[in-house]
Amino acid sequence: MRFLFFAIFYTTFSFLQAQTVWSVDNIPPACMTNAGSVVRSSSTVFHVTAPGEAVMEQIVTITILNANGKAFNTWTEMEDNFVKVEEIKARLFDAAGNLVRESDKNDIRKYGGSEEYEFMDIHVKAIEMSYSNYPYTVEFRARKSVHGFFRIPDFVVQRLGQSVQQADFHITTPKDYPLRWKVINAGNLQPTEASTQDEMTRSWTFRDLPAQENEVHNPYLTGVYASIVLAPARVRIDDFSGDFSDWAGIGRFFFQLNQNRNHLSESMQETIRKLTQDKKSTREKVEALYRYLQENYRYVSIQIGIGGWQSFDADFVGKKKYGDCKALSNFMVTMLQYAGIDACQAIIYAGEEGAPDWYDEAPVPLSNHVVVYIPSENMWLECTSQSSPPGYLGSFTEGRQALLLQRDGGKLRRTPEPDPARNRTNTRTSLQIDENGATELESNLLAANDQHDFYRSLNRLKDKAEQEKQFTQQADFNISRLQNLRISVSAAKPEAGVEYKATLNNYATRSGKRMFVPLFKTNPFKRSLPADEQRQLDLQIRTCYTLSDTVEIRYPAAYIPENTPADKKIDSEFGSYETRINRDEAGHLVAIRNILIRPVAVPAARYNEVRQFYQAIAKADAAQLVLVRKD
Amino acid sequence: MTLKSLLPVVFLFCVASLCAQKKSATFEPQRWGDFPTADLAMTIYPKDSNATALVLQDIGELQLYARKRKAVVQLNRRRRIKVFDVSAFNQGNLRIFYRANKEEEKMTDLDIQVVSPSGRVEKVKSDNVFTETVTDKWLAKKIFIPNLQKGSIIEYRYELRSADVFSLYEWYFQEEIPIRWSELTVSTPSDVKYVHVIRTPETMEVKDSTYDKLVWHEAEQLNYNFTKYTLADIPAFKPEPYTAAPDDYRAQIQFQIKRISTAFLIDGNILTDWDGLTLFLTQNSIFGRFYLDSLASNQLEKAFRPLLSPGDSGTVIAEKALRFISKNIKWDESFSLFPASTPNEVFKQKAGSSAQVNMSLTALLRRVGVKSYPVLVSTRSNGLVVQEFPVLKQFNSVLAYVPTDSLNGILLDATSPYHSLNELQPEHCNGVGRIVRIKGTKWVPLVARELSETWYGNLQMNEDGDLSGNFSLSAAGALAADWRTTLEHEKEVDFLKKTFSAQLADIQFDSIKINRVQELDKPIVAQFKCRITGAANAVNDYIYFKPILDFVFLENPFKSASRAYPVNFPCPTKGNYVLSLQLPPGYHVEELPADATISLPENAGKLSFSCTRHGENSLQIIFKMQLQKLNFGPDEYVGLQQFFHLATDKIQSQIVLKKL
């Protein structure tokens, strides 16, 4: 009886609590698994009133379950010449859903603050609602007006580690406003449509989406969670209108935005003549002008209003001797044109992690960078680097779509794919080990492409001591004394050569009469993937390379091998690994190793295959020579 | 007045390349726009041929005067940079920060020019100058020097005016690039006195000269004191890893007011000593009022009262209050000295800075009758504390203090809900803090608890080199607070994967139990069963095995051959690793690594390694390391490096087993 009373009381009590709508008790259990935060309810309205004119309103309520979801207690809006934040406010609720507090104007913090080399007229307005105890719930309301745009922000339904109870997205446009969209990671979800006399509203609704854990090396840029890409076909920003129906139109818009910005002063034209007059081939002329750019111009990013999209005039850059990626690229294109070489700017999404997909059915120029393309040479130029060899892009912009901005419209063209055969390091090393295990190392290496970047930046340091310090820091083994470090880099190609001698105090380790000598620790295989039996997301690793190493090992005569590692060969579609251990004519042990690691893009189901491949290599690569003293 | 007598902090370290340069230099700074041919033609800096750029001269004039009976602090600075190489073109991107509030600071008279190596002077026009809103409180002028060339000289000047009579402007004599001449002239009315703190490496010495002069000011003739501080040929500053606050080691001068005159409305000595500072703070509206005014914390008290029991001792109440504050007001991960809102407001906000959290605690304890005082702290990354003078500006955080019968009382730090009494987060453990207590202000040592980690393993090996058995890990000190925080949101198995087996590729966990998560004064313990595949290397009847599966560190963190500045550790560290290993049946011990014991001088650190047989088929491996000393000077660096070298050597050592 007593028990019954308690049960009734308890049910009533929790029922009362449940009246508080944001109580954590109202979150379905399926939304709790793997979640750091839960979108309780979210409503986004993007209302286009005319091409380039819009109002965006959002009401988003998120429960922060633990520290993994903490970032979502902050709402951030960017404000610039085109976007005005009309309202931003927040409310905070405790676990039971009781209102703790409402934000006031003091909670809105404003940030600008960029790097020393940049100035932007953009600033951020942010509200952070912290609370002492998890879980808690924050509700944000934001409204902003947009005057001039060519992109509509993606409707992002959820993030990794976040579940969604309910999310609605609405876009309202004039009836004749051409709009396309692409739904990502939500099957073939169709919007519901509703219209008034003049306007059409399309809505997408999402309910009860479980959280997806963040897993290493996932293709997050191409979308690992649900979102909707919106592609307006008619755009307007300042006095520029464009037809964004296809890539040709998008390219034309940006080409026109930058038209007639290709003037250079007489003296600048004279400089170009001098630089190119004795050069025979187009390639030589390109190289001469590119070097001139690198040696005299620096990257300074100034973004004001339409200047975020429109380049400075080439003449302006010529006089200032600085500019951002657009300005330097436009200046380079102009120099090339004066030298009679056809070239164009290309917009691209730069970053080591790759780039988001671009969709023909919903074309949106999602980009953050500009490079130069020379069709006749099929050559790309990165104009913001003061040290890259001509034609070298590197992992920052390799292997992705770029949109060439040409007079007759835009054209898509992929930059060179990452290629393990080009990203290579060859080393030749000799190890002289003494009775105590101390080792004298002599090595030279040749590195190319991605693999050479570090040495090129090292070579730029004029301070030899600093160079040695950084080299020692990044080495995979402990260098007690470094001698004769010599780095040479090719001016024409992405290649570097390094020679050095070093003393390594504990390269070989001893136990009594035995000595253990690792074979490949001077350039070890380092990739590994964590164990994961329930991998959900596709696996994507862009970095790829080839290593070829020859290691000669000399050890004291008093020692003989007890165990010499056997030759190994591992083959897979993800790469290969091979070692051969021989003796040279002088009787010294020589270990040869070849590793090929290809880029990986496989479904989650094959995660463990890749992992096992890396693990097999790691195990083989840890092979050691065991020596034992003869007596 | 000799300068030496005012040098409370002189760092005893040596920049090797500099030893030859300790001569008294004289230099006549060039006037604005006057560029000597030698400077224009210079292609390298003879004193540092590696330098890609050089500050030719950096001249500051700092004056204090009254305007309409309001104090004005004015800094006029002109600076000249020579650029030698393309890789230093970033020197052409200048940034000057100043306060957004015009009442607090004004930036005026910015004037910039660039001179080509041929001597052509170009005024830098305003289209190269931008004003950026950094935060609500700070603005920055951003200047992009146009037409910058190899060999160009950049010259610029500006004026900053503030009302900060308290600490004037600080001056750094050292930067990332070398400086040929740095000079600061300070002029103040003779009856106003400042204390200053100069920090320089041992090899540098700031010269000063001083004189008095009558100056006409607002139709009044005043006696002014002029002091000029100069330093020549200052090498580039290169920060190193494992330094808590790199700026501590840059040559610099800082000021704080000691005596102010009638010309500035307030008269008398204000900050000659710590008692003066204490009085100043307790009367300050946003410091003293915060914890002294009962109306500012009555709601906090009301919420806390029910948790008290009759007869609770001061210590018990302190502990309850620490729990209460740290659970109800979340530290927002920022440090501050002045809590901008009252304890009641902070309690309502549920989150606050270090000052808000810890001064709410002070206020709460006072409301319930426990004597409590704020303690001024400079965090580790903020830099060392000058004890000789009451320099307020050096502090950036606050702790709570409760005096007891024992000498040092109790320190409270509510920035983590996992702190027990006297437990401070590592950033707060920076030597000493100053207790703000009228007639009782004193230094209190801020000692970090020892960070310790232990491993107890009992494993059976099979003949393939696989291991299986039990492990128990425990952590104390700052590491325990870390574990407790992580376990709030991380699955136990994920936590173990990151904590125990980051370097073991193939490990499976079972029966995980985490104990003492809430018993804050005890180590937290993780117990589990595990199976590690391929832990040892089995080849041709032999098994080779590295028995140290995990430790505080596995690689020597000190790779550089030499060191210019001290190495700072946040807390004493201890690691204990004990493994009982059952050999695979049919195998015997062929060889064991040698035992070793190593100590650093003066008990700074020690380590021991042993590998012993227990019966026919079992081994016990014990590895212990302790590092007691927190600061190692550059002269002790090689010893420290060697210590870690030997430790990693033992971590790498191997056991050899052979089939019978």
# chains A, B, ... in the order shown; residues from 1 in each chain; ligands from 1

$ residues_around --residues "Asn68 (chain A)" --least-positions-apart "6" --cutoff "10 Å" --atoms "only C-alpha atoms" --output "PDB file with C-alpha atoms, in the first residue's frame"
ATOM      1  CA  ASN A  34      25.978   9.460 -28.369  1.00  0.00           C
ATOM      2  CA  ALA A  35      24.655  12.984 -27.991  1.00  0.00           C
ATOM      3  CA  GLY A  36      26.464  15.938 -26.447  1.00  0.00           C
ATOM      4  CA  SER A  37      23.533  18.161 -27.337  1.00  0.00           C
ATOM      5  CA  GLY A 161      27.329  14.401 -31.671  1.00  0.00           C
ATOM      6  CA  GLN A 162      23.971  16.135 -31.869  1.00  0.00           C
TER       7      GLN A 162
ATOM      8  CA  THR B 486      36.650  13.943 -18.608  1.00  0.00           C
ATOM      9  CA  GLU B 488      31.606  13.458 -16.848  1.00  0.00           C
ATOM     10  CA  HIS B 489      31.053  13.128 -20.578  1.00  0.00           C
ATOM     11  CA  GLU B 490      33.279  10.374 -21.885  1.00  0.00           C
TER      12      GLU B 490
END

$ interface_residues --of "chain B" --to "chain A" --cutoff "6 Å" --atoms "only C-alpha atoms" --output "PyMOL selection string"
chain B and resi 50+93+133-136+146-147+328-330+350-351+489+559+593

$ select_by_dssp --residues "region 235-343 of chain B" --states "strand (DSSP E)" --output "PyMOL selection string"
chain B and resi 252-260+268-269+330-331

$ closest_residue --among "A:Glu440, A:Glu199, A:Asp168, A:Glu552" --to "Gly587 (chain A)" --atoms "only C-alpha atoms"
A:Glu552

$ residues_around --residues "region 492-507 of chain B" --least-positions-apart "3" --cutoff "9 Å" --atoms "only C-alpha atoms" --output "JSON, numbers by chain"
{"A": [528, 529, 530, 531, 615], "B": [473, 483, 486, 487, 510, 512, 513, 514, 526, 530, 531, 532, 533, 534, 535, 549, 550, 551]}

$ closest_residue --among "A:Ser245, A:Gln303, A:Gln212, A:Gln406" --to "Asp80 (chain A)" --atoms "only C-alpha atoms"
A:Gln303

$ decode --residues "region 139-150 of chain A" --atoms "N, CA and C atoms" --output "PDB file, in the first residue's frame"
ATOM      1  N   GLU A 139      17.781  28.697 -25.438  1.00  0.00           N
ATOM      2  CA  GLU A 139      16.943  29.035 -26.584  1.00  0.00           C
ATOM      3  C   GLU A 139      17.488  30.326 -27.183  1.00  0.00           C
ATOM      4  N   PHE A 140      17.720  30.299 -28.475  1.00  0.00           N
ATOM      5  CA  PHE A 140      18.215  31.496 -29.147  1.00  0.00           C
ATOM      6  C   PHE A 140      17.182  31.983 -30.146  1.00  0.00           C
ATOM      7  N   ARG A 141      17.067  33.301 -30.236  1.00  0.00           N
ATOM      8  CA  ARG A 141      16.253  33.908 -31.286  1.00  0.00           C
ATOM      9  C   ARG A 141      17.137  34.907 -32.017  1.00  0.00           C
ATOM     10  N   ALA A 142      17.165  34.786 -33.335  1.00  0.00           N
ATOM     11  CA  ALA A 142      18.000  35.701 -34.109  1.00  0.00           C
ATOM     12  C   ALA A 142      17.265  36.127 -35.355  1.00  0.00           C
ATOM     13  N   ARG A 143      17.433  37.394 -35.705  1.00  0.00           N
ATOM     14  CA  ARG A 143      16.847  37.888 -36.946  1.00  0.00           C
ATOM     15  C   ARG A 143      17.860  38.795 -37.617  1.00  0.00           C
ATOM     16  N   LYS A 144      18.070  38.564 -38.898  1.00  0.00           N
ATOM     17  CA  LYS A 144      18.982  39.462 -39.609  1.00  0.00           C
ATOM     18  C   LYS A 144      18.425  39.762 -40.987  1.00  0.00           C
ATOM     19  N   SER A 145      18.808  40.933 -41.502  1.00  0.00           N
ATOM     20  CA  SER A 145      18.377  41.285 -42.849  1.00  0.00           C
ATOM     21  C   SER A 145      19.599  41.270 -43.752  1.00  0.00           C
ATOM     22  N   VAL A 146      19.369  40.815 -44.971  1.00  0.00           N
ATOM     23  CA  VAL A 146      20.459  40.672 -45.922  1.00  0.00           C
ATOM     24  C   VAL A 146      20.162  41.553 -47.117  1.00  0.00           C
ATOM     25  N   HIS A 147      21.116  42.419 -47.420  1.00  0.00           N
ATOM     26  CA  HIS A 147      20.947  43.306 -48.574  1.00  0.00           C
ATOM     27  C   HIS A 147      22.096  43.028 -49.528  1.00  0.00           C
ATOM     28  N   GLY A 148      21.866  42.139 -50.438  1.00  0.00           N
ATOM     29  CA  GLY A 148      22.912  41.747 -51.378  1.00  0.00           C
ATOM     30  C   GLY A 148      23.485  40.407 -51.000  1.00  0.00           C
ATOM     31  N   PHE A 149      23.180  39.380 -51.808  1.00  0.00           N
ATOM     32  CA  PHE A 149      23.781  38.064 -51.556  1.00  0.00           C
ATOM     33  C   PHE A 149      23.762  37.255 -52.835  1.00  0.00           C
ATOM     34  N   PHE A 150      24.672  36.320 -52.946  1.00  0.00           N
ATOM     35  CA  PHE A 150      24.599  35.369 -54.050  1.00  0.00           C
ATOM     36  C   PHE A 150      24.601  33.949 -53.522  1.00  0.00           C
TER      37      PHE A 150
END
